Amino acid sequence: MKKNVLIIGGGPAGMEAAHQINKLGHNVILIEKEHDLGGHLAKWDRLFPTGRNAREVLDTLKENMKGINCFTDTEVKSINILKESYNVILSNGITILADAVLISSGFDLFDAHKKEEYGYGIYDHVITNADLEKYYKTHNDERIKNPKRIGFVHCVGSRDEKVGNIACSKVCCATAVKQACEIKEEFKDAEVICFYMDLRMFGRGYEDLYLKAQKEYGIRFIRGRVSEVSENIDKSLQIKAEDTLSSKPMKVSLDLLVLMAGMRPSKSGNDIGKMLELSTMEDGFFNTKDDFNNLQQSKRPGVFYAGVATGPKTLPETLNEARSAALEIHNYLAETL
Amino acid sequence: MIYEGKQKIWSDYQKEIPDDHYFYVRSCIRQSFFPASEAAFLHITRNILNKDIFETEHHTTCGGIAYHSDAIPQETAMTIIARQFALMKKYGYENYVCSCITSFGLYCETMETWREFPDLKEKIAENLWKSCKLEFAVPKFLVHASDMIYKYRNQIAAHAKFKLVDHKTGKPLKVVEHIGCHYSKMFPSKGVGGAEYPYVLAGMIEAWGGEVVDYPERRHCCGFGFRQYFVKSNRGYSLSNTYKKFESMEPYEPDLIITNCPGCPYFMDRWQYVIAESEGKTYGKNGHGIPVMTYEEVAGLVLGFDPWDLGLQTHQIGPEPLLDKMGIPYNPEEKYKGKNGKDLGQPRQLDCIR
């Protein structure tokens with residue numbers, strides 16, 4: 001008899017895990033609180049470092065989901081912890097007896113309003129990385145009208161004790177460099193400046209992207225945090241920052257400022273965590289059974305993690321974690337039931 | 001600018017301001033700089049709004065100027081403050097309102113320090129008893145006097161004789177609000193509206209008919225900054241800060257600057273003369289500067305107080321263009337007459353600024 005595996009979260013991790021677990025012969029039920037599958041990937045236009053169309057990656061993941069039970073617009077209402085399984089009641093009225101549960105709840109984007117000094121939601125031409133991706137997909141945003149000077153602020157809501165998050169969001173540096181190149185392609189005459197703390201271009205091809213941004217696109221990188229943003233009388237923005245390499249304060253006027261909002265633990269994921277009495281680390285992401293040998297397992301038998309539920313990750317890392325989690329679940333079901 | 005965005009932040013930073021029964025402490029320097037502001041506050045709250053505001057001649061400086069100039073250590077400043085709070089308790093009050101922003105910032109800092117370090121709090125209580133034989137107390141509510149005028153802004157508007165409106169055109173006056181650095185920059189939650197977009201003065205401007213000017217250097221220090229001015233060789237730095245602010249607000253053509261700090265109105269008022277003398281530049285129309293006033297002075301004008309009773313003749317920048325715009329009558333002959341018609345003497349008239 002097939003075993004039931006409930007996957008909570010229909011982003012890249014959940015979709016890839018569903019595909020793999022299904023291939024391994026188990027009965028998969030995936031639930032997603034949003035109307036569409038894909039999570040943040042569905043809202044992104046292109047991916048670093050190669051500029052690969054996000055839609056192509058998502059389409060592959062969706063293609064692999066064919067034949068898998070999937071409920072969108074659906075959330076978990078309650079979970080009863082049984083001896084060897086989990087009785088999960090969904091918001092659509094369906095009850096599932098799950099032999100294993102995979103939490104692939106992803107992340108919430110940091111709410112840039114909280115960095116009040118940057119003026120998101122106050123000044124017309126301050127946007128976030130997510131807003132810019134939406135613009136790249138639709139080319140429809142009143143705030144972006146042929147800007148001549150554009151700034152990117154790295155680490156918004158990440159590595160920032162003031163907002164209660166000292167952790168690095170891992171992907172923002174590469175995303176900022178990618179987006180800076182893309183906006184330079186779109187507005188060829190524009191001057192583009194990135195304000196960074198330090199650039200963490202750790203992945204394959206990332207450093208190449210960073211060098212290309214400087215050599216081919218002429219993007220300026222200023223090591224220093226933006227301290228405050230104001231609006232000039234012509235609605236352009238006045239930015240104050242410090243260039244820490246030359247030890248000088250600087251003030252520049254910009255037509256557009258892009259805030260690289262980082263990753264925060266998913267609120268809905270954490271609600272599931274409370275139902276299952278799962279622990280989190282200081283950064284708010286879930287705690288794994290073991291930092292080295294059991295990265296996909298929670299401390300509760302039969303409950304597993306994949307993707308950003310356990311901390312910021314790139315998309316390839318997330319997909320690999322999903323495959324790993326699928327194998328862990330398969331072994332668990334074989335060994336214990 | 002998205003006004004709703006600011007409203008959301010303002011709703012996040014509201015503080016509890018009791019309606020009545022306050023122990024009031026004055027500022028060391030405001031009575032010299034703006035001689036009628038504190039009297040106007042007491043008159044408005046006690047006689048117009050019928051509030052119980054108590055003050056005693058036994059209170060002293062908070063020690064803030066000495067503390068921020070490194071002339072006294074923190075424990076000394078805390079003991080002085082403990083004495084102020086003890087007087088509040090002695091006279092039967094638990095709500096404390098201060099006139100000075102520096103004091104307000106230091107009171108906030110002191111109360112937070114006592115909360116974080118209870119041992120230090122015990123030591124200060126001991127110092128207080130040994131030196132003054134007074135019982136240690138902490139206010140239940142600490143507010144700045146501008147918080148109270150903010151709270152009463154709509155009641156003041158209901159009593160208003162004049163508005164922050166050009167009485168000829170009906171257009172709102174453009175008003176710059178300048179918040180003292182020590183009001184909420186150190187403890188955003190202690191100020192109405194927080195640190196980035198404070199609402200305490202903006203709320204008064206809106207309630208009294210004016211339009212708030214949001215200019216790029218809105219957050220910048222007025223230029224006083226204690227050591228920027230106290231150390232004589234730094235005074236150019238003080239002036240350059242003020243200059244930066246005026247250059248930034250100039251395109252918006254403000255009619256008035258309203259402040260809630262002892263130092264800010266003084267420096268923004270007086271440095272306009274220095275800029276005019278050294279650069280030949282004025283920021284108002286026809287050789288005038290931009291009037292800089294305390295919130296009590298503006299409240300007094302709105303309520304119909306005589307401008308000379310409010311001490312506006314002691315300002316460097318003449319208030320007449322503002323009075324004319326608001327339609328407030330005044331007698332130029334009375335400008336330099338004190339109580340009972342006593343001649344105060346006229347200052348030398350300047351060519352560079354009016």
# chains A, B, ... in the order shown; residues from 1 in each chain; ligands from 1
call {"tool": "residues_around", "arguments": {"residues": "Phe226 of chain B", "least_positions_apart": "3", "cutoff": "8 Å", "atoms": "only C-alpha atoms", "output": "list in words"}}
result
Ile65, His68, Ser69, Tyr229 and Phe230 of chain B
call {"tool": "write_last_selection", "arguments": {"atoms": "all heavy atoms", "output": "PDB file, in the first residue's frame"}}
result
ATOM      1  N   ILE B  65      23.251  70.030  29.770  1.00  0.00           N
ATOM      2  CA  ILE B  65      24.309  70.743  29.041  1.00  0.00           C
ATOM      3  C   ILE B  65      25.679  70.333  29.583  1.00  0.00           C
ATOM      4  O   ILE B  65      26.614  70.056  28.813  1.00  0.00           O
ATOM      5  CB  ILE B  65      24.084  72.267  29.113  1.00  0.00           C
ATOM      6  CG1 ILE B  65      22.849  72.638  28.276  1.00  0.00           C
ATOM      7  CG2 ILE B  65      25.316  73.030  28.631  1.00  0.00           C
ATOM      8  CD1 ILE B  65      22.492  74.100  28.278  1.00  0.00           C
ATOM      9  N   HIS B  68      26.325  66.610  28.437  1.00  0.00           N
ATOM     10  CA  HIS B  68      26.674  66.452  27.019  1.00  0.00           C
ATOM     11  C   HIS B  68      27.973  67.172  26.660  1.00  0.00           C
ATOM     12  O   HIS B  68      28.516  66.963  25.577  1.00  0.00           O
ATOM     13  CB  HIS B  68      25.523  66.936  26.135  1.00  0.00           C
ATOM     14  CG  HIS B  68      24.341  66.013  26.172  1.00  0.00           C
ATOM     15  ND1 HIS B  68      24.400  64.716  25.747  1.00  0.00           N
ATOM     16  CD2 HIS B  68      23.070  66.208  26.617  1.00  0.00           C
ATOM     17  CE1 HIS B  68      23.220  64.138  25.923  1.00  0.00           C
ATOM     18  NE2 HIS B  68      22.403  65.020  26.449  1.00  0.00           N
ATOM     19  N   SER B  69      28.437  68.040  27.552  1.00  0.00           N
ATOM     20  CA  SER B  69      29.732  68.692  27.317  1.00  0.00           C
ATOM     21  C   SER B  69      30.854  67.986  28.071  1.00  0.00           C
ATOM     22  O   SER B  69      31.970  68.501  28.139  1.00  0.00           O
ATOM     23  CB  SER B  69      29.673  70.148  27.781  1.00  0.00           C
ATOM     24  OG  SER B  69      28.594  70.806  27.192  1.00  0.00           O
ATOM     25  N   TYR B 229      28.987  74.180  18.797  1.00  0.00           N
ATOM     26  CA  TYR B 229      28.929  75.600  19.105  1.00  0.00           C
ATOM     27  C   TYR B 229      29.760  75.952  20.336  1.00  0.00           C
ATOM     28  O   TYR B 229      30.453  76.973  20.361  1.00  0.00           O
ATOM     29  CB  TYR B 229      27.481  76.056  19.332  1.00  0.00           C
ATOM     30  CG  TYR B 229      27.420  77.553  19.510  1.00  0.00           C
ATOM     31  CD1 TYR B 229      27.469  78.394  18.396  1.00  0.00           C
ATOM     32  CD2 TYR B 229      27.396  78.132  20.776  1.00  0.00           C
ATOM     33  CE1 TYR B 229      27.476  79.766  18.545  1.00  0.00           C
ATOM     34  CE2 TYR B 229      27.399  79.504  20.926  1.00  0.00           C
ATOM     35  CZ  TYR B 229      27.442  80.313  19.805  1.00  0.00           C
ATOM     36  OH  TYR B 229      27.464  81.669  19.945  1.00  0.00           O
ATOM     37  N   PHE B 230      29.707  75.112  21.366  1.00  0.00           N
ATOM     38  CA  PHE B 230      30.398  75.448  22.617  1.00  0.00           C
ATOM     39  C   PHE B 230      31.905  75.595  22.411  1.00  0.00           C
ATOM     40  O   PHE B 230      32.564  76.397  23.058  1.00  0.00           O
ATOM     41  CB  PHE B 230      30.129  74.384  23.689  1.00  0.00           C
ATOM     42  CG  PHE B 230      28.727  74.407  24.219  1.00  0.00           C
ATOM     43  CD1 PHE B 230      28.159  73.269  24.769  1.00  0.00           C
ATOM     44  CD2 PHE B 230      27.965  75.566  24.173  1.00  0.00           C
ATOM     45  CE1 PHE B 230      26.871  73.283  25.252  1.00  0.00           C
ATOM     46  CE2 PHE B 230      26.671  75.593  24.657  1.00  0.00           C
ATOM     47  CZ  PHE B 230      26.124  74.441  25.192  1.00  0.00           C
TER      48      PHE B 230
END
call {"tool": "residues_around", "arguments": {"residues": "segment 99-108 of chain A", "least_positions_apart": "2", "cutoff": "7 Å", "atoms": "only C-alpha atoms", "output": "ChimeraX atom specification"}}
result
/A:3-9,13-14,84-86,97,110,263-266,269,302-309
call {"tool": "residues_around", "arguments": {"residues": "segment 174-183 of chain B", "least_positions_apart": "3", "cutoff": "9 Å", "atoms": "only C-alpha atoms", "output": "JSON, numbers by chain"}}
result
{"B": [101, 102, 103, 104, 105, 106, 144, 164, 165, 186, 187, 188, 190, 191, 195, 198, 200, 201, 202, 205, 210, 211, 212, 213, 214, 215, 218, 219, 220, 221, 222, 225, 249, 252, 253, 254, 255, 256, 257, 258, 259, 260, 261, 262, 263, 264, 265]}
call {"tool": "residues_around", "arguments": {"residues": "Glu191 of chain A", "least_positions_apart": "4", "cutoff": "12 Å", "atoms": "only C-alpha atoms", "output": "list in words"}}
result
Asn146, Pro147, Lys148, Arg149, Ile150, Gly151, Phe152, Ala180, Cys181, Ile183, Lys184, Glu185, Glu186, Phe187, Gln214, Tyr217, Gly218, Ile219, Arg220, Phe221, Val252, Ser253, Leu254, Asp255, Leu256 and Leu257 of chain A
call {"tool": "atom_distance", "arguments": {"atom1": "atom CA of Leu58 of chain A", "atom2": "atom CA of Ile31 of chain A"}}
result
16.9 Å
call {"tool": "closest_residue", "arguments": {"among": "B:Asp52, B:Met88, B:Thr61, B:Pro216", "to": "chain A", "atoms": "only C-alpha atoms"}}
result
B:Pro216
call {"tool": "select_by_dssp", "arguments": {"residues": "segment 18-219 of chain A", "states": "helix (DSSP H, G or I)", "output": "ChimeraX atom specification"}}
result
/A:18-23,39-43,54-63,112-114,116-118,129-138,161-163,172-186,206-215
call {"tool": "residues_around", "arguments": {"residues": "Lys178 of chain A", "least_positions_apart": "2", "cutoff": "8 Å", "atoms": "only C-alpha atoms", "output": "ChimeraX atom specification"}}
result
/A:47-49,51,174-176,180-182,209
call {"tool": "interface_residues", "arguments": {"of": "chain A", "to": "chain B", "cutoff": "7 Å", "atoms": "only C-alpha atoms", "output": "PDB file with all heavy atoms, in the first residue's frame"}}
result
ATOM      1  N   GLU A 116      12.664  52.397   7.859  1.00  0.00           N
ATOM      2  CA  GLU A 116      11.959  53.663   7.628  1.00  0.00           C
ATOM      3  C   GLU A 116      12.847  54.705   6.948  1.00  0.00           C
ATOM      4  O   GLU A 116      12.380  55.515   6.150  1.00  0.00           O
ATOM      5  CB  GLU A 116      11.444  54.211   8.954  1.00  0.00           C
ATOM      6  CG  GLU A 116      10.371  53.335   9.570  1.00  0.00           C
ATOM      7  CD  GLU A 116      10.082  53.697  11.008  1.00  0.00           C
ATOM      8  OE1 GLU A 116      10.627  54.704  11.506  1.00  0.00           O
ATOM      9  OE2 GLU A 116       9.310  52.965  11.646  1.00  0.00           O
ATOM     10  N   GLU A 117      14.148  54.669   7.284  1.00  0.00           N
ATOM     11  CA  GLU A 117      15.053  55.690   6.756  1.00  0.00           C
ATOM     12  C   GLU A 117      15.232  55.597   5.243  1.00  0.00           C
ATOM     13  O   GLU A 117      15.702  56.540   4.622  1.00  0.00           O
ATOM     14  CB  GLU A 117      16.417  55.623   7.455  1.00  0.00           C
ATOM     15  CG  GLU A 117      17.177  54.304   7.307  1.00  0.00           C
ATOM     16  CD  GLU A 117      16.881  53.306   8.404  1.00  0.00           C
ATOM     17  OE1 GLU A 117      15.706  53.196   8.798  1.00  0.00           O
ATOM     18  OE2 GLU A 117      17.821  52.634   8.860  1.00  0.00           O
ATOM     19  N   GLY A 121       7.571  53.084   0.410  1.00  0.00           N
ATOM     20  CA  GLY A 121       6.166  53.359   0.749  1.00  0.00           C
ATOM     21  C   GLY A 121       5.934  54.810   1.115  1.00  0.00           C
ATOM     22  O   GLY A 121       4.807  55.212   1.384  1.00  0.00           O
ATOM     23  N   ILE A 122       7.019  55.604   1.150  1.00  0.00           N
ATOM     24  CA  ILE A 122       6.907  57.036   1.467  1.00  0.00           C
ATOM     25  C   ILE A 122       7.275  57.848   0.221  1.00  0.00           C
ATOM     26  O   ILE A 122       6.553  58.763  -0.164  1.00  0.00           O
ATOM     27  CB  ILE A 122       7.873  57.426   2.617  1.00  0.00           C
ATOM     28  CG1 ILE A 122       7.609  56.586   3.868  1.00  0.00           C
ATOM     29  CG2 ILE A 122       7.813  58.929   2.886  1.00  0.00           C
ATOM     30  CD1 ILE A 122       6.543  57.068   4.765  1.00  0.00           C
ATOM     31  N   TYR A 123       8.407  57.497  -0.374  1.00  0.00           N
ATOM     32  CA  TYR A 123       8.875  58.248  -1.542  1.00  0.00           C
ATOM     33  C   TYR A 123       8.593  57.444  -2.816  1.00  0.00           C
ATOM     34  O   TYR A 123       8.781  56.222  -2.858  1.00  0.00           O
ATOM     35  CB  TYR A 123      10.370  58.572  -1.393  1.00  0.00           C
ATOM     36  CG  TYR A 123      10.642  59.424  -0.178  1.00  0.00           C
ATOM     37  CD1 TYR A 123      11.574  59.053   0.780  1.00  0.00           C
ATOM     38  CD2 TYR A 123       9.926  60.604   0.038  1.00  0.00           C
ATOM     39  CE1 TYR A 123      11.794  59.831   1.907  1.00  0.00           C
ATOM     40  CE2 TYR A 123      10.137  61.378   1.161  1.00  0.00           C
ATOM     41  CZ  TYR A 123      11.073  60.993   2.091  1.00  0.00           C
ATOM     42  OH  TYR A 123      11.265  61.760   3.205  1.00  0.00           O
ATOM     43  N   ASP A 124       8.175  58.164  -3.829  1.00  0.00           N
ATOM     44  CA  ASP A 124       7.635  57.527  -5.028  1.00  0.00           C
ATOM     45  C   ASP A 124       8.625  56.618  -5.751  1.00  0.00           C
ATOM     46  O   ASP A 124       8.222  55.637  -6.368  1.00  0.00           O
ATOM     47  CB  ASP A 124       7.168  58.607  -6.019  1.00  0.00           C
ATOM     48  CG  ASP A 124       5.970  59.379  -5.475  1.00  0.00           C
ATOM     49  OD1 ASP A 124       5.151  58.752  -4.792  1.00  0.00           O
ATOM     50  OD2 ASP A 124       5.884  60.597  -5.720  1.00  0.00           O
ATOM     51  N   SER A 230      15.916  60.897   1.180  1.00  0.00           N
ATOM     52  CA  SER A 230      14.932  61.988   1.208  1.00  0.00           C
ATOM     53  C   SER A 230      14.480  62.247  -0.222  1.00  0.00           C
ATOM     54  O   SER A 230      15.059  61.730  -1.180  1.00  0.00           O
ATOM     55  CB  SER A 230      15.546  63.276   1.763  1.00  0.00           C
ATOM     56  OG  SER A 230      16.174  63.049   2.979  1.00  0.00           O
ATOM     57  N   GLU A 231      13.460  63.094  -0.338  1.00  0.00           N
ATOM     58  CA  GLU A 231      12.932  63.408  -1.664  1.00  0.00           C
ATOM     59  C   GLU A 231      13.210  64.869  -1.984  1.00  0.00           C
ATOM     60  O   GLU A 231      12.953  65.754  -1.157  1.00  0.00           O
ATOM     61  CB  GLU A 231      11.427  63.141  -1.691  1.00  0.00           C
ATOM     62  CG  GLU A 231      10.831  63.098  -3.086  1.00  0.00           C
ATOM     63  CD  GLU A 231       9.370  62.682  -3.051  1.00  0.00           C
ATOM     64  OE1 GLU A 231       8.535  63.489  -2.612  1.00  0.00           O
ATOM     65  OE2 GLU A 231       9.074  61.544  -3.450  1.00  0.00           O
ATOM     66  N   ASN A 232      13.754  65.109  -3.168  1.00  0.00           N
ATOM     67  CA  ASN A 232      13.967  66.483  -3.623  1.00  0.00           C
ATOM     68  C   ASN A 232      12.662  67.056  -4.167  1.00  0.00           C
ATOM     69  O   ASN A 232      11.695  66.325  -4.380  1.00  0.00           O
ATOM     70  CB  ASN A 232      15.043  66.512  -4.723  1.00  0.00           C
ATOM     71  CG  ASN A 232      16.407  66.126  -4.192  1.00  0.00           C
ATOM     72  OD1 ASN A 232      16.851  66.633  -3.161  1.00  0.00           O
ATOM     73  ND2 ASN A 232      17.082  65.215  -4.882  1.00  0.00           N
ATOM     74  N   GLN A 238      17.350  62.045  -2.710  1.00  0.00           N
ATOM     75  CA  GLN A 238      18.667  62.415  -2.186  1.00  0.00           C
ATOM     76  C   GLN A 238      19.115  61.290  -1.252  1.00  0.00           C
ATOM     77  O   GLN A 238      18.413  60.944  -0.310  1.00  0.00           O
ATOM     78  CB  GLN A 238      18.598  63.732  -1.421  1.00  0.00           C
ATOM     79  CG  GLN A 238      19.947  64.116  -0.811  1.00  0.00           C
ATOM     80  CD  GLN A 238      19.853  65.353   0.062  1.00  0.00           C
ATOM     81  OE1 GLN A 238      19.803  66.465  -0.426  1.00  0.00           O
ATOM     82  NE2 GLN A 238      19.840  65.154   1.376  1.00  0.00           N
TER      83      GLN A 238
END
call {"tool": "residues_around", "arguments": {"residues": "Lys299 of chain A", "least_positions_apart": "6", "cutoff": "8 Å", "atoms": "only C-alpha atoms", "output": "PyMOL selection string"}}
result
chain A and resi 278+287-289
call {"tool": "write_last_selection", "arguments": {"atoms": "all heavy atoms", "output": "PDB file, in the first residue's frame"}}
result
ATOM      1  N   LEU A 278       7.817  22.356  16.523  1.00  0.00           N
ATOM      2  CA  LEU A 278       9.176  22.303  15.982  1.00  0.00           C
ATOM      3  C   LEU A 278       9.966  23.511  16.470  1.00  0.00           C
ATOM      4  O   LEU A 278       9.412  24.592  16.636  1.00  0.00           O
ATOM      5  CB  LEU A 278       9.134  22.307  14.447  1.00  0.00           C
ATOM      6  CG  LEU A 278       8.346  21.161  13.806  1.00  0.00           C
ATOM      7  CD1 LEU A 278       8.191  21.395  12.311  1.00  0.00           C
ATOM      8  CD2 LEU A 278       9.048  19.829  14.064  1.00  0.00           C
ATOM      9  N   ASN A 287      15.115  24.504  12.957  1.00  0.00           N
ATOM     10  CA  ASN A 287      16.291  23.808  13.459  1.00  0.00           C
ATOM     11  C   ASN A 287      16.287  22.376  12.917  1.00  0.00           C
ATOM     12  O   ASN A 287      15.286  21.676  13.057  1.00  0.00           O
ATOM     13  CB  ASN A 287      16.160  23.771  14.993  1.00  0.00           C
ATOM     14  CG  ASN A 287      17.488  23.705  15.673  1.00  0.00           C
ATOM     15  OD1 ASN A 287      18.513  23.650  15.013  1.00  0.00           O
ATOM     16  ND2 ASN A 287      17.467  23.707  16.985  1.00  0.00           N
ATOM     17  N   THR A 288      17.381  21.941  12.315  1.00  0.00           N
ATOM     18  CA  THR A 288      17.417  20.580  11.769  1.00  0.00           C
ATOM     19  C   THR A 288      17.872  19.591  12.843  1.00  0.00           C
ATOM     20  O   THR A 288      18.380  19.984  13.895  1.00  0.00           O
ATOM     21  CB  THR A 288      18.381  20.502  10.570  1.00  0.00           C
ATOM     22  OG1 THR A 288      19.677  20.918  11.003  1.00  0.00           O
ATOM     23  CG2 THR A 288      17.924  21.397   9.452  1.00  0.00           C
ATOM     24  N   LYS A 289      17.681  18.319  12.556  1.00  0.00           N
ATOM     25  CA  LYS A 289      18.050  17.287  13.532  1.00  0.00           C
ATOM     26  C   LYS A 289      19.554  17.293  13.785  1.00  0.00           C
ATOM     27  O   LYS A 289      20.008  17.100  14.907  1.00  0.00           O
ATOM     28  CB  LYS A 289      17.591  15.917  13.022  1.00  0.00           C
ATOM     29  CG  LYS A 289      17.750  14.810  14.033  1.00  0.00           C
ATOM     30  CD  LYS A 289      17.158  13.521  13.489  1.00  0.00           C
ATOM     31  CE  LYS A 289      17.326  12.394  14.506  1.00  0.00           C
ATOM     32  NZ  LYS A 289      16.824  11.125  13.956  1.00  0.00           N
TER      33      LYS A 289
END
call {"tool": "residues_around", "arguments": {"residues": "segment 323-334 of chain A", "least_positions_apart": "3", "cutoff": "6 Å", "atoms": "only C-alpha atoms", "output": "ChimeraX atom specification"}}
result
/A:17,20-21,296,320,337
call {"tool": "atom_distance", "arguments": {"atom1": "atom CA of Ser37 of chain B", "atom2": "atom CA of Gln346 of chain B"}}
result
21.1 Å
